[in-house]
Each structure stands twice: as C-alpha cells, then as structure tokens.
>>> print(open('model-v4.cif').read())   # mmCIF, C-alpha atoms (C1' of nucleotides)
data_structure
loop_
_atom_site.group_PDB
_atom_site.id
_atom_site.type_symbol
_atom_site.label_atom_id
_atom_site.label_comp_id
_atom_site.auth_asym_id
_atom_site.auth_seq_id
_atom_site.Cartn_x
_atom_site.Cartn_y
_atom_site.Cartn_z
ATOM 1 C CA MET A 209 -32.611 32.330 8.114
ATOM 2 C CA CYS A 210 -33.458 28.894 9.393
ATOM 3 C CA GLN A 211 -30.710 29.160 11.934
ATOM 4 C CA ASN A 212 -33.305 27.986 14.386
ATOM 5 C CA ARG A 213 -34.684 24.921 12.762
ATOM 6 C CA ARG A 214 -38.010 24.576 14.482
ATOM 7 C CA MET A 215 -40.189 23.320 11.751
ATOM 8 C CA SER A 216 -43.592 21.815 11.397
ATOM 9 C CA ASN A 217 -42.678 18.469 9.864
ATOM 10 C CA THR A 218 -39.515 16.853 11.107
ATOM 11 C CA LYS A 219 -40.299 13.339 10.026
ATOM 12 C CA ALA A 220 -37.588 11.075 8.639
ATOM 13 C CA LEU A 221 -37.223 11.432 4.911
ATOM 14 C CA PRO A 222 -35.381 9.571 2.140
ATOM 15 C CA LEU A 223 -31.702 9.862 2.924
ATOM 16 C CA ILE A 224 -29.085 10.250 0.265
ATOM 17 C CA GLN A 225 -26.634 7.939 1.923
ATOM 18 C CA ALA A 226 -23.148 7.130 0.739
ATOM 19 C CA ASP A 227 -21.678 3.826 1.771
ATOM 20 C CA VAL A 228 -18.901 4.644 4.190
ATOM 21 C CA GLU A 229 -16.541 1.796 4.894
ATOM 22 C CA PRO A 230 -13.645 2.072 7.334
ATOM 23 C CA CYS A 231 -11.646 2.678 4.192
ATOM 24 C CA CYS A 232 -8.007 2.200 4.923
ATOM 25 C CA PRO A 233 -5.325 1.199 7.360
ATOM 26 C CA PRO A 234 -2.953 3.750 8.868
ATOM 27 C CA LEU A 235 -0.761 5.167 6.145
ATOM 28 C CA ASN A 236 2.387 4.130 7.949
ATOM 29 C CA GLU A 237 1.301 0.604 8.766
ATOM 30 C CA ARG A 238 1.994 -0.833 5.333
ATOM 31 C CA PRO A 239 1.981 0.427 1.758
ATOM 32 C CA LEU A 240 -1.560 0.950 0.568
ATOM 33 C CA THR A 241 -2.800 -1.279 -2.200
ATOM 34 C CA VAL A 242 -3.867 0.286 -5.456
ATOM 35 C CA GLU A 243 -7.525 -0.053 -4.528
ATOM 36 C CA GLU A 244 -7.076 1.353 -1.050
ATOM 37 C CA ALA A 245 -5.117 4.263 -2.432
ATOM 38 C CA GLU A 246 -7.819 5.069 -4.937
ATOM 39 C CA ARG A 247 -10.551 5.065 -2.329
ATOM 40 C CA ALA A 248 -8.626 7.115 0.193
ATOM 41 C CA ALA A 249 -7.276 9.513 -2.412
ATOM 42 C CA ALA A 250 -10.826 10.249 -3.521
ATOM 43 C CA MET A 251 -11.605 11.466 -0.005
ATOM 44 C CA PHE A 252 -8.468 13.573 0.273
ATOM 45 C CA LYS A 253 -9.079 14.966 -3.158
ATOM 46 C CA ALA A 254 -12.512 16.113 -2.101
ATOM 47 C CA LEU A 255 -10.987 17.856 0.910
ATOM 48 C CA GLY A 256 -8.218 19.280 -1.242
ATOM 49 C CA ASP A 257 -10.153 22.353 -2.303
ATOM 50 C CA PRO A 258 -10.205 25.331 0.076
ATOM 51 C CA ILE A 259 -13.855 26.080 -0.521
ATOM 52 C CA ARG A 260 -14.877 22.478 -0.030
ATOM 53 C CA LEU A 261 -12.763 22.176 3.080
ATOM 54 C CA ARG A 262 -14.426 25.238 4.565
ATOM 55 C CA LEU A 263 -17.857 23.860 3.737
ATOM 56 C CA PHE A 264 -16.916 20.578 5.367
ATOM 57 C CA SER A 265 -15.531 22.332 8.419
ATOM 58 C CA GLN A 266 -18.610 24.507 8.779
ATOM 59 C CA ILE A 267 -20.824 21.456 8.723
ATOM 60 C CA ALA A 268 -18.601 19.439 11.049
ATOM 61 C CA ALA A 269 -18.381 22.317 13.511
ATOM 62 C CA HIS A 270 -22.051 23.244 13.413
ATOM 63 C CA ALA A 271 -24.330 22.714 16.354
ATOM 64 C CA ASP A 272 -25.956 19.269 16.439
ATOM 65 C CA GLY A 273 -23.492 18.192 13.774
ATOM 66 C CA GLU A 274 -25.708 19.325 10.971
ATOM 67 C CA ALA A 275 -26.061 22.496 8.954
ATOM 68 C CA CYS A 276 -28.592 23.895 6.551
ATOM 69 C CA VAL A 277 -27.206 24.915 3.181
ATOM 70 C CA CYS A 278 -28.519 28.386 3.795
ATOM 71 C CA ASP A 279 -26.246 28.634 6.842
ATOM 72 C CA ILE A 280 -23.025 27.774 5.087
ATOM 73 C CA SER A 281 -23.330 29.213 1.612
ATOM 74 C CA ASP A 282 -21.415 32.398 2.366
ATOM 75 C CA VAL A 283 -18.060 31.145 1.216
ATOM 76 C CA GLY A 284 -17.592 33.572 -1.622
ATOM 77 C CA VAL A 285 -18.791 31.553 -4.585
ATOM 78 C CA SER A 286 -22.127 31.386 -6.347
ATOM 79 C CA GLN A 287 -24.925 29.232 -5.050
ATOM 80 C CA PRO A 288 -24.736 26.636 -7.847
ATOM 81 C CA THR A 289 -21.032 26.346 -7.159
ATOM 82 C CA VAL A 290 -21.737 25.661 -3.488
ATOM 83 C CA SER A 291 -24.178 22.987 -4.550
ATOM 84 C CA HIS A 292 -21.575 21.564 -6.883
ATOM 85 C CA HIS A 293 -18.996 21.327 -4.103
ATOM 86 C CA LEU A 294 -21.453 19.759 -1.687
ATOM 87 C CA LYS A 295 -22.216 17.149 -4.308
ATOM 88 C CA LYS A 296 -18.518 16.366 -4.629
ATOM 89 C CA LEU A 297 -18.255 15.924 -0.877
ATOM 90 C CA ARG A 298 -21.330 13.716 -0.906
ATOM 91 C CA GLU A 299 -19.988 11.575 -3.740
ATOM 92 C CA ALA A 300 -16.734 11.140 -1.857
ATOM 93 C CA GLY A 301 -18.713 9.696 1.025
ATOM 94 C CA LEU A 302 -17.846 12.513 3.384
ATOM 95 C CA LEU A 303 -21.280 14.057 3.787
ATOM 96 C CA THR A 304 -24.876 12.981 3.868
ATOM 97 C CA SER A 305 -27.813 15.197 3.060
ATOM 98 C CA GLU A 306 -31.380 15.174 4.167
ATOM 99 C CA ARG A 307 -34.259 17.326 3.120
ATOM 100 C CA ARG A 308 -36.594 18.487 5.864
ATOM 101 C CA GLY A 309 -39.288 20.768 4.628
ATOM 102 C CA THR A 310 -37.962 23.656 2.652
ATOM 103 C CA TRP A 311 -34.346 23.211 3.618
ATOM 104 C CA VAL A 312 -31.632 20.648 3.074
ATOM 105 C CA TYR A 313 -29.389 19.666 5.943
ATOM 106 C CA TYR A 314 -25.915 18.248 5.632
ATOM 107 C CA ARG A 315 -23.937 16.313 8.168
ATOM 108 C CA VAL A 316 -20.629 14.492 8.232
ATOM 109 C CA ALA A 317 -21.151 10.885 7.231
ATOM 110 C CA PRO A 318 -20.902 8.355 10.060
ATOM 111 C CA SER A 319 -17.403 7.233 11.029
ATOM 112 C CA VAL A 320 -15.726 9.534 8.551
ATOM 113 C CA MET A 321 -13.843 11.483 11.195
ATOM 114 C CA ALA A 322 -12.706 8.323 12.956
ATOM 115 C CA SER A 323 -11.771 6.640 9.711
ATOM 116 C CA LEU A 324 -9.650 9.538 8.539
ATOM 117 C CA ALA A 325 -8.097 10.009 11.960
ATOM 118 C CA ARG A 326 -7.096 6.376 11.828
ATOM 119 C CA SER A 327 -5.245 6.972 8.570
ATOM 120 C CA PHE A 328 -2.857 9.242 10.405
ATOM 121 C CA SER A 329 -2.642 7.371 13.665
ATOM 122 C CA VAL A 330 0.882 6.256 14.413
ATOM 123 C CA SER A 331 0.965 2.494 14.219
ATOM 124 C CA GLY A 332 4.690 1.879 14.537
ATOM 125 C CA MET B 221 19.039 -1.921 -5.237
ATOM 126 C CA CYS B 222 20.278 0.082 -2.267
ATOM 127 C CA GLN B 223 17.762 -1.660 -0.077
ATOM 128 C CA ASN B 224 20.628 -2.011 2.323
ATOM 129 C CA ARG B 225 21.850 1.476 2.766
ATOM 130 C CA ARG B 226 25.351 0.932 4.112
ATOM 131 C CA MET B 227 27.373 3.525 2.359
ATOM 132 C CA SER B 228 30.827 4.987 2.595
ATOM 133 C CA ASN B 229 29.900 8.610 3.295
ATOM 134 C CA THR B 230 26.911 9.192 5.501
ATOM 135 C CA LYS B 231 27.704 12.748 6.513
ATOM 136 C CA ALA B 232 24.940 15.282 6.979
ATOM 137 C CA LEU B 233 24.096 17.135 3.811
ATOM 138 C CA PRO B 234 21.987 20.172 2.887
ATOM 139 C CA LEU B 235 18.408 19.325 3.775
ATOM 140 C CA ILE B 236 15.487 20.442 1.686
ATOM 141 C CA GLN B 237 13.245 21.251 4.604
ATOM 142 C CA ALA B 238 9.697 22.471 4.440
ATOM 143 C CA ASP B 239 8.385 24.473 7.344
ATOM 144 C CA VAL B 240 5.776 22.332 8.995
ATOM 145 C CA GLU B 241 3.537 24.164 11.380
ATOM 146 C CA PRO B 242 0.783 22.444 13.391
ATOM 147 C CA CYS B 243 -1.438 23.735 10.632
ATOM 148 C CA CYS B 244 -5.018 23.614 11.763
ATOM 149 C CA PRO B 245 -7.509 22.945 14.493
ATOM 150 C CA PRO B 246 -9.827 19.941 14.378
ATOM 151 C CA LEU B 247 -12.225 20.355 11.491
ATOM 152 C CA ASN B 248 -15.220 20.075 13.776
ATOM 153 C CA GLU B 249 -13.999 22.497 16.429
ATOM 154 C CA ARG B 250 -14.882 25.652 14.546
ATOM 155 C CA PRO B 251 -15.149 26.705 10.902
ATOM 156 C CA LEU B 252 -11.712 27.054 9.406
ATOM 157 C CA THR B 253 -10.585 30.497 8.394
ATOM 158 C CA VAL B 254 -9.768 31.135 4.764
ATOM 159 C CA GLU B 255 -6.045 30.940 5.470
ATOM 160 C CA GLU B 256 -6.312 27.758 7.495
ATOM 161 C CA ALA B 257 -8.437 26.159 4.809
ATOM 162 C CA GLU B 258 -5.915 27.024 2.132
ATOM 163 C CA ARG B 259 -3.017 25.554 4.050
ATOM 164 C CA ALA B 260 -4.823 22.382 5.033
ATOM 165 C CA ALA B 261 -6.393 21.942 1.608
ATOM 166 C CA ALA B 262 -2.929 22.060 0.060
ATOM 167 C CA MET B 263 -1.961 19.049 2.148
ATOM 168 C CA PHE B 264 -5.111 17.110 1.346
ATOM 169 C CA LYS B 265 -4.753 17.987 -2.299
ATOM 170 C CA ALA B 266 -1.263 16.530 -2.321
ATOM 171 C CA LEU B 267 -2.645 13.316 -0.851
ATOM 172 C CA GLY B 268 -5.568 13.373 -3.259
ATOM 173 C CA ASP B 269 -3.797 11.531 -6.041
ATOM 174 C CA PRO B 270 -3.636 7.723 -5.860
ATOM 175 C CA ILE B 271 -0.039 7.534 -7.029
ATOM 176 C CA ARG B 272 1.081 10.201 -4.570
ATOM 177 C CA LEU B 273 -0.811 8.568 -1.745
ATOM 178 C CA ARG B 274 0.883 5.270 -2.458
ATOM 179 C CA LEU B 275 4.270 6.956 -2.541
ATOM 180 C CA PHE B 276 3.509 8.653 0.762
ATOM 181 C CA SER B 277 2.299 5.415 2.296
ATOM 182 C CA GLN B 278 5.343 3.520 1.109
ATOM 183 C CA ILE B 279 7.618 6.086 2.698
ATOM 184 C CA ALA B 280 5.603 6.315 5.895
ATOM 185 C CA ALA B 281 5.506 2.537 6.232
ATOM 186 C CA HIS B 282 9.129 1.950 5.335
ATOM 187 C CA ALA B 283 11.649 0.708 7.880
ATOM 188 C CA ASP B 284 13.372 3.483 9.818
ATOM 189 C CA GLY B 285 10.754 5.880 8.492
ATOM 190 C CA GLU B 286 12.723 6.650 5.394
ATOM 191 C CA ALA B 287 12.855 5.243 1.895
ATOM 192 C CA CYS B 288 15.150 5.608 -1.053
ATOM 193 C CA VAL B 289 13.472 6.717 -4.260
ATOM 194 C CA CYS B 290 14.755 3.577 -5.909
ATOM 195 C CA ASP B 291 12.763 1.525 -3.392
ATOM 196 C CA ILE B 292 9.421 3.125 -4.102
ATOM 197 C CA SER B 293 9.458 3.968 -7.791
ATOM 198 C CA ASP B 294 7.533 0.902 -8.920
ATOM 199 C CA VAL B 295 4.132 2.511 -8.866
ATOM 200 C CA GLY B 296 3.431 2.195 -12.559
ATOM 201 C CA VAL B 297 4.485 5.590 -13.834
ATOM 202 C CA SER B 298 7.720 6.820 -15.336
ATOM 203 C CA GLN B 299 10.656 7.996 -13.278
ATOM 204 C CA PRO B 300 10.171 11.700 -14.034
ATOM 205 C CA THR B 301 6.567 11.373 -12.962
ATOM 206 C CA VAL B 302 7.605 9.824 -9.667
ATOM 207 C CA SER B 303 10.016 12.680 -9.154
ATOM 208 C CA HIS B 304 7.299 15.146 -9.984
ATOM 209 C CA HIS B 305 4.935 13.648 -7.434
ATOM 210 C CA LEU B 306 7.597 13.549 -4.739
ATOM 211 C CA LYS B 307 8.234 17.224 -5.375
ATOM 212 C CA LYS B 308 4.546 17.961 -4.912
ATOM 213 C CA LEU B 309 4.522 16.107 -1.624
ATOM 214 C CA ARG B 310 7.634 18.002 -0.555
ATOM 215 C CA GLU B 311 6.156 21.363 -1.497
ATOM 216 C CA ALA B 312 3.042 20.540 0.480
ATOM 217 C CA GLY B 313 5.214 20.082 3.540
ATOM 218 C CA LEU B 314 4.460 16.383 3.822
ATOM 219 C CA LEU B 315 7.881 14.989 3.004
ATOM 220 C CA THR B 316 11.505 15.917 3.438
ATOM 221 C CA SER B 317 14.307 14.679 1.264
ATOM 222 C CA GLU B 318 17.974 14.166 1.881
ATOM 223 C CA ARG B 319 20.689 13.121 -0.483
ATOM 224 C CA ARG B 320 23.230 10.651 0.807
ATOM 225 C CA GLY B 321 25.741 9.717 -1.791
ATOM 226 C CA THR B 322 24.143 8.381 -4.904
ATOM 227 C CA TRP B 323 20.675 8.038 -3.492
ATOM 228 C CA VAL B 324 18.000 10.370 -2.219
ATOM 229 C CA TYR B 325 16.010 9.421 0.837
ATOM 230 C CA TYR B 326 12.551 10.659 1.662
ATOM 231 C CA ARG B 327 10.799 10.675 4.996
ATOM 232 C CA VAL B 328 7.552 12.019 6.370
ATOM 233 C CA ALA B 329 8.081 15.535 7.656
ATOM 234 C CA PRO B 330 8.060 15.913 11.446
ATOM 235 C CA SER B 331 4.673 16.173 13.130
ATOM 236 C CA VAL B 332 2.774 15.717 9.891
ATOM 237 C CA MET B 333 1.028 12.555 11.004
ATOM 238 C CA ALA B 334 0.074 14.058 14.343
ATOM 239 C CA SER B 335 -1.049 17.294 12.771
ATOM 240 C CA LEU B 336 -3.310 15.588 10.275
ATOM 241 C CA ALA B 337 -4.626 13.160 12.864
ATOM 242 C CA ARG B 338 -5.561 16.168 14.946
ATOM 243 C CA SER B 339 -7.637 17.563 12.102
ATOM 244 C CA PHE B 340 -9.949 14.599 12.389
ATOM 245 C CA SER B 341 -9.904 14.186 16.144
ATOM 246 C CA VAL B 342 -13.324 14.590 17.642
ATOM 247 C CA SER B 343 -13.351 17.756 19.706
ATOM 248 C CA GLY B 344 -17.038 17.941 20.546
ATOM 249 C "C1'" DG C 286 38.632 12.665 -17.406
ATOM 250 C "C1'" DG C 287 35.211 9.361 -18.810
ATOM 251 C "C1'" DT C 288 31.439 6.509 -17.775
ATOM 252 C "C1'" DC C 289 27.786 4.746 -15.205
ATOM 253 C "C1'" DT C 290 23.663 5.257 -12.224
ATOM 254 C "C1'" DA C 291 20.146 8.039 -9.613
ATOM 255 C "C1'" DA C 292 17.186 11.670 -9.559
ATOM 256 C "C1'" DA C 293 15.542 16.194 -10.982
ATOM 257 C "C1'" DT C 294 14.263 19.321 -14.569
ATOM 258 C "C1'" DT C 295 12.395 20.838 -18.892
ATOM 259 C "C1'" DG C 296 8.941 21.206 -22.388
ATOM 260 C "C1'" DA C 297 5.066 19.563 -24.493
ATOM 261 C "C1'" DC C 298 0.578 17.351 -24.727
ATOM 262 C "C1'" DG C 299 -4.113 16.078 -23.498
ATOM 263 C "C1'" DT C 300 -7.252 15.978 -19.839
ATOM 264 C "C1'" DC C 301 -9.490 17.310 -15.838
ATOM 265 C "C1'" DT C 302 -11.210 21.015 -12.719
ATOM 266 C "C1'" DA C 303 -13.277 25.174 -10.708
ATOM 267 C "C1'" DT C 304 -15.953 28.714 -11.793
ATOM 268 C "C1'" DC C 305 -19.624 31.250 -13.733
ATOM 269 C "C1'" DG C 306 -24.368 32.738 -15.739
ATOM 270 C "C1'" DA C 307 -28.550 31.244 -17.050
ATOM 271 C "C1'" DA C 308 -32.098 28.293 -17.079
ATOM 272 C "C1'" DA C 309 -34.800 24.360 -15.886
ATOM 273 C "C1'" DC C 310 -36.419 21.348 -12.364
ATOM 274 C "C1'" DA C 311 -38.046 19.305 -7.790
ATOM 275 C "C1'" DG C 312 -40.174 19.758 -2.998
ATOM 276 C "C1'" DG C 313 -42.362 22.293 0.237
ATOM 277 C "C1'" DT C 314 -44.904 26.468 2.016
ATOM 278 C "C1'" DG C 315 -48.588 29.648 2.203
ATOM 279 C "C1'" DC D 8 -51.672 29.041 -7.669
ATOM 280 C "C1'" DA D 9 -47.335 31.876 -6.750
ATOM 281 C "C1'" DC D 10 -43.190 31.743 -4.093
ATOM 282 C "C1'" DC D 11 -38.946 29.947 -1.982
ATOM 283 C "C1'" DT D 12 -34.853 26.743 -1.386
ATOM 284 C "C1'" DG D 13 -31.815 24.011 -3.374
ATOM 285 C "C1'" DT D 14 -30.273 20.786 -7.139
ATOM 286 C "C1'" DT D 15 -29.234 19.919 -11.738
ATOM 287 C "C1'" DT D 16 -27.994 20.890 -16.422
ATOM 288 C "C1'" DC D 17 -25.812 23.372 -20.049
ATOM 289 C "C1'" DG D 18 -22.237 25.661 -22.344
ATOM 290 C "C1'" DA D 19 -17.934 28.172 -21.875
ATOM 291 C "C1'" DT D 20 -13.539 29.567 -20.196
ATOM 292 C "C1'" DA D 21 -9.230 29.847 -17.797
ATOM 293 C "C1'" DG D 22 -6.187 27.447 -15.311
ATOM 294 C "C1'" DA D 23 -4.301 23.398 -13.055
ATOM 295 C "C1'" DC D 24 -2.988 18.634 -13.379
ATOM 296 C "C1'" DG D 25 -0.809 14.039 -14.712
ATOM 297 C "C1'" DT D 26 2.019 12.050 -17.863
ATOM 298 C "C1'" DC D 27 5.849 11.247 -20.840
ATOM 299 C "C1'" DA D 28 10.356 11.669 -23.635
ATOM 300 C "C1'" DA D 29 14.379 14.001 -23.618
ATOM 301 C "C1'" DT D 30 17.742 16.356 -21.211
ATOM 302 C "C1'" DT D 31 20.375 17.822 -17.330
ATOM 303 C "C1'" DT D 32 22.431 17.529 -12.794
ATOM 304 C "C1'" DA D 33 24.838 15.137 -9.157
ATOM 305 C "C1'" DG D 34 27.601 11.727 -7.282
ATOM 306 C "C1'" DA D 35 30.379 7.258 -7.433
ATOM 307 C "C1'" DC D 36 33.840 4.687 -9.459
ATOM 308 C "C1'" DC D 37 37.429 3.192 -12.570
#
>>> encode(input="model-v4.cif", output="structure tokens")
Amino acid sequence: MCQNRRMSNTKALPLIQADVEPCCPPLNERPLTVEEAERAAAMFKALGDPIRLRLFSQIAAHADGEACVCDISDVGVSQPTVSHHLKKLREAGLLTSERRGTWVYYRVAPSVMASLARSFSVSG
Amino acid sequence: MCQNRRMSNTKALPLIQADVEPCCPPLNERPLTVEEAERAAAMFKALGDPIRLRLFSQIAAHADGEACVCDISDVGVSQPTVSHHLKKLREAGLLTSERRGTWVYYRVAPSVMASLARSFSVSG
DNA sequence: GGTCTAAATTGACGTCTATCGAAACAGGTG
DNA sequence: CACCTGTTTCGATAGACGTCAATTTAGACC
C-alpha cells in the first residue's frame, strides 16, 4: 500500500511547482484590491469543496508532510475525480506533486499555511 | 452617504445571528471528518468569490468593525447582486447584519477570524 | 397618507462545476 | 514484454452559481 515509502530510487525528480507568493494582506487590514481578491479567492475556492478540503487536510496532516495518492484516495469518489480535485488544488498553488518511482506524492506548497493564516490574523 | 452614522434611533433591533462555532481543528493536525470538512468548506466557498471576498474585506477592514451596505456596494455589480452575496456570507456564518434605521450594518461574526486563522496554524 | 431612499427578494437566464464511465496515455517495475 | 499507478481526455448530465431587471419590503420624513 506504499504506506511505508521505502523505495529503491528516491532521487530528486522534476517538480510540478506552482509559484506561491505571500498572496495577500490580512483581510481586516485594508480592503483587498481587485487583483488581490482574485488571487486569494482562487485559493479559497479550491478549499471550498468538501472533498478537496479533506484531500488537502489528509495531505497536510500526513506524516512527513507528504502523502501518496494511494493513501488518500478513499474519499468516496472515483479515482479520476480524485485526480481532478488534486489538479485543482495544484493549480490554485496549494499543493505540489512529485513522482518518485511508481507513486506520486503530494505536499502542501511552501508558505501556504502561513500565508493563509496571515489572511485571518487580526491586524487592528 | 451615511458614512457618518449619527442617527436619531440607535436602539437594539432584532439581530440576524448565525451560530458560529469554533468550527474545525488545524488542517494539518489530523484529517478532517466529513462533517468538519463540510462546515469548513462552506466558509471557504463563501470566500471563494472575488466580489464576496472584497465585500468581506471591506467590512472587516472598516472602522469600528462594521460597515453600512451603502459604503461597500461599489464593487462593480448591481445592488441586488451585492445583497445576494452578503446573504451568502451571512448564511456561511461569516457575517452578521443589523438594521439601524434606514441602513443595514454588517460586521464580521464573532470569532470568525480567529477560527479561520486556527485552521491554518501550524500544529506539527 | 404619500413619497423618498435603502436593502432584500423574486424570477429568469446563461454559465460554470462536480461527478461519472470509459478510454487513452505516461512512467516505472519486474 | 506485461503490469501497475496515476494523469489526462472525452462526452454527458444534473445541479449550483453569478448576474441582472423588476418588484417588494422597511423605515424616514414631510
């Protein structure tokens, strides 16, 4: 089940990286600009689906901060649908994926948690 | 434009309150349950529209933590659409509204900022 | 009461979205 | 090579979503 990911080749492979900027100021600091709102809303929109949010949570909560698709695909929808949701999360800049051998591992993109936490930090 | 809200009658009126529970644990603490994911996803979904996010930000960033609808309705969509979006944010438990005289004032529901910030706090 | 303004509601319209099955494709293993 | 894991594509469908014009509701004021 690849829960134990001891594999023969663990070399670094081509990452599918999304550019993750700090995104946005705290929501209560000042009104977001149109551009800021569009970027931040895209992230929230990606998290706005229960299935996607569970996938994200499973990855974020997984040991070593990364999870194989085969470990998280028991969310009640078909496998292509899982892949579809993971792609949405990737496109939103929330996840990165990396193929190592047979399996593909997902992890939360760098600084995403901090960036989103900052959105809700009280600045007043 | 009611920017100065000094009015004759400022008595307390029937609130349209949404029950705002702490909602959910940090996303990286453990995988969310189905119920937790549905509740949290509803909030993120409400914030997942650029217009709604700007409305929310304008209210959250407004002086005294509250804003009259007439102060925030210049987001480029019609008045009914603004009202529609504010209703969505209310139903998601993110905003509360209160009518005082002619105008309706919105504010961020209690503990919403802290609750959402907690979702992205690093617990590992 | 009549009129004005503020905001919510209604109804309709077009578009986007989530989901699926099936099939094809790409990388890696044995 | 066959086999496995995961992604992608292709319809296809049912439902949700954003938007608006028109209307209604609610309150203030004369």
>>> interface_residues(input="model-v4.cif", of="chain B", to="chain A", cutoff="8 Å", atoms="all atoms listed in the file", output="NGL selection string")
:B and (247-254 or 257-258 or 260-271 or 273-274 or 276-282 or 333-334 or 336-342)
>>> residues_around(input="model-v4.cif", residues="DG312 in chain C", least_positions_apart="2", cutoff="12 Å", atoms="all atoms listed in the file", output="ChimeraX atom specification")
/A:221,307-312 /C:310,314 /D:11-14
>>> residues_near_point(input="model-v4.cif", point="(16.5, 18.5, -10.9)", cutoff="9 Å", atoms="all atoms listed in the file", output="MDAnalysis selection string")
(chainID B and resid 303) or (chainID C and resid 292:294) or (chainID D and resid 31:32)
>>> write_last_selection(input="model-v4.cif", atoms="C-alpha atoms (C1' of nucleotides)", output="PDB file, in the coordinates of the input")
ATOM      1  CA  SER B 303      10.016  12.680  -9.154  1.00  0.00           C
TER       2      SER B 303
ATOM      3  C1'  DA C 292      17.186  11.670  -9.559  1.00  0.00           C
ATOM      4  C1'  DA C 293      15.542  16.194 -10.982  1.00  0.00           C
ATOM      5  C1'  DT C 294      14.263  19.321 -14.569  1.00  0.00           C
TER       6       DT C 294
ATOM      7  C1'  DT D  31      20.375  17.822 -17.330  1.00  0.00           C
ATOM      8  C1'  DT D  32      22.431  17.529 -12.794  1.00  0.00           C
TER       9       DT D  32
END
>>> closest_atom_pairs(input="model-v4.cif", of="chain B", to="chain C", cutoff="12 Å", atoms="all atoms listed in the file", output="JSON lines")
{"residue": "B:Met221", "atom": "CA", "partner": "C:DA291", "partner_atom": "C1'", "distance": 10.9}
{"residue": "B:Cys222", "atom": "CA", "partner": "C:DA291", "partner_atom": "C1'", "distance": 10.8}
{"residue": "B:Cys288", "atom": "CA", "partner": "C:DA291", "partner_atom": "C1'", "distance": 10.2}
{"residue": "B:Val289", "atom": "CA", "partner": "C:DA292", "partner_atom": "C1'", "distance": 8.1}
{"residue": "B:Cys290", "atom": "CA", "partner": "C:DA291", "partner_atom": "C1'", "distance": 7.9}
{"residue": "B:Asp291", "atom": "CA", "partner": "C:DA291", "partner_atom": "C1'", "distance": 11.6}
{"residue": "B:Ser293", "atom": "CA", "partner": "C:DA292", "partner_atom": "C1'", "distance": 11.1}
{"residue": "B:Gln299", "atom": "CA", "partner": "C:DA292", "partner_atom": "C1'", "distance": 8.4}
{"residue": "B:Pro300", "atom": "CA", "partner": "C:DA293", "partner_atom": "C1'", "distance": 7.6}
{"residue": "B:Thr301", "atom": "CA", "partner": "C:DA293", "partner_atom": "C1'", "distance": 10.4}
{"residue": "B:Val302", "atom": "CA", "partner": "C:DA292", "partner_atom": "C1'", "distance": 9.8}
{"residue": "B:Ser303", "atom": "CA", "partner": "C:DA293", "partner_atom": "C1'", "distance": 6.8}
{"residue": "B:His304", "atom": "CA", "partner": "C:DA293", "partner_atom": "C1'", "distance": 8.4}
{"residue": "B:His305", "atom": "CA", "partner": "C:DA293", "partner_atom": "C1'", "distance": 11.5}
{"residue": "B:Leu306", "atom": "CA", "partner": "C:DA293", "partner_atom": "C1'", "distance": 10.4}
{"residue": "B:Lys307", "atom": "CA", "partner": "C:DA293", "partner_atom": "C1'", "distance": 9.3}
{"residue": "B:Ser317", "atom": "CA", "partner": "C:DA292", "partner_atom": "C1'", "distance": 11.6}
{"residue": "B:Glu318", "atom": "CA", "partner": "C:DA292", "partner_atom": "C1'", "distance": 11.7}
{"residue": "B:Arg319", "atom": "CA", "partner": "C:DA292", "partner_atom": "C1'", "distance": 9.8}
{"residue": "B:Arg320", "atom": "CA", "partner": "C:DA291", "partner_atom": "C1'", "distance": 11.2}
{"residue": "B:Gly321", "atom": "CA", "partner": "C:DA291", "partner_atom": "C1'", "distance": 9.8}
{"residue": "B:Thr322", "atom": "CA", "partner": "C:DA291", "partner_atom": "C1'", "distance": 6.2}
{"residue": "B:Trp323", "atom": "CA", "partner": "C:DA291", "partner_atom": "C1'", "distance": 6.1}
{"residue": "B:Val324", "atom": "CA", "partner": "C:DA292", "partner_atom": "C1'", "distance": 7.5}
{"residue": "B:Tyr325", "atom": "CA", "partner": "C:DA292", "partner_atom": "C1'", "distance": 10.7}
>>> write_last_selection(input="model-v4.cif", atoms="C-alpha atoms", output="PDB file, keeping the file's coordinate frame")
ATOM      1  CA  MET B 221      19.039  -1.921  -5.237  1.00  0.00           C
ATOM      2  CA  CYS B 222      20.278   0.082  -2.267  1.00  0.00           C
ATOM      3  CA  CYS B 288      15.150   5.608  -1.053  1.00  0.00           C
ATOM      4  CA  VAL B 289      13.472   6.717  -4.260  1.00  0.00           C
ATOM      5  CA  CYS B 290      14.755   3.577  -5.909  1.00  0.00           C
ATOM      6  CA  ASP B 291      12.763   1.525  -3.392  1.00  0.00           C
ATOM      7  CA  SER B 293       9.458   3.968  -7.791  1.00  0.00           C
ATOM      8  CA  GLN B 299      10.656   7.996 -13.278  1.00  0.00           C
ATOM      9  CA  PRO B 300      10.171  11.700 -14.034  1.00  0.00           C
ATOM     10  CA  THR B 301       6.567  11.373 -12.962  1.00  0.00           C
ATOM     11  CA  VAL B 302       7.605   9.824  -9.667  1.00  0.00           C
ATOM     12  CA  SER B 303      10.016  12.680  -9.154  1.00  0.00           C
ATOM     13  CA  HIS B 304       7.299  15.146  -9.984  1.00  0.00           C
ATOM     14  CA  HIS B 305       4.935  13.648  -7.434  1.00  0.00           C
ATOM     15  CA  LEU B 306       7.597  13.549  -4.739  1.00  0.00           C
ATOM     16  CA  LYS B 307       8.234  17.224  -5.375  1.00  0.00           C
ATOM     17  CA  SER B 317      14.307  14.679   1.264  1.00  0.00           C
ATOM     18  CA  GLU B 318      17.974  14.166   1.881  1.00  0.00           C
ATOM     19  CA  ARG B 319      20.689  13.121  -0.483  1.00  0.00           C
ATOM     20  CA  ARG B 320      23.230  10.651   0.807  1.00  0.00           C
ATOM     21  CA  GLY B 321      25.741   9.717  -1.791  1.00  0.00           C
ATOM     22  CA  THR B 322      24.143   8.381  -4.904  1.00  0.00           C
ATOM     23  CA  TRP B 323      20.675   8.038  -3.492  1.00  0.00           C
ATOM     24  CA  VAL B 324      18.000  10.370  -2.219  1.00  0.00           C
ATOM     25  CA  TYR B 325      16.010   9.421   0.837  1.00  0.00           C
TER      26      TYR B 325
END
>>> closest_residue(input="model-v4.cif", among="D:DC10, D:DA19, D:DA35, D:DA28", to="chain A", atoms="only C-alpha atoms (C1' of nucleotides)")
D:DC10
>>> resolve_selection(input="model-v4.cif", expression="the PyMOL selection byres ((chain D) within 9 of (chain B))", output="number ranges by chain")
D: 25-27, 33-35
>>> atom_distance(input="model-v4.cif", atom1="CA of Ala317 in chain A", atom2="CA of Cys232 in chain A")
15.9 Å
>>> atom_distance(input="model-v4.cif", atom1="CA of Cys243 in chain B", atom2="CA of Leu297 in chain A")
21.8 Å
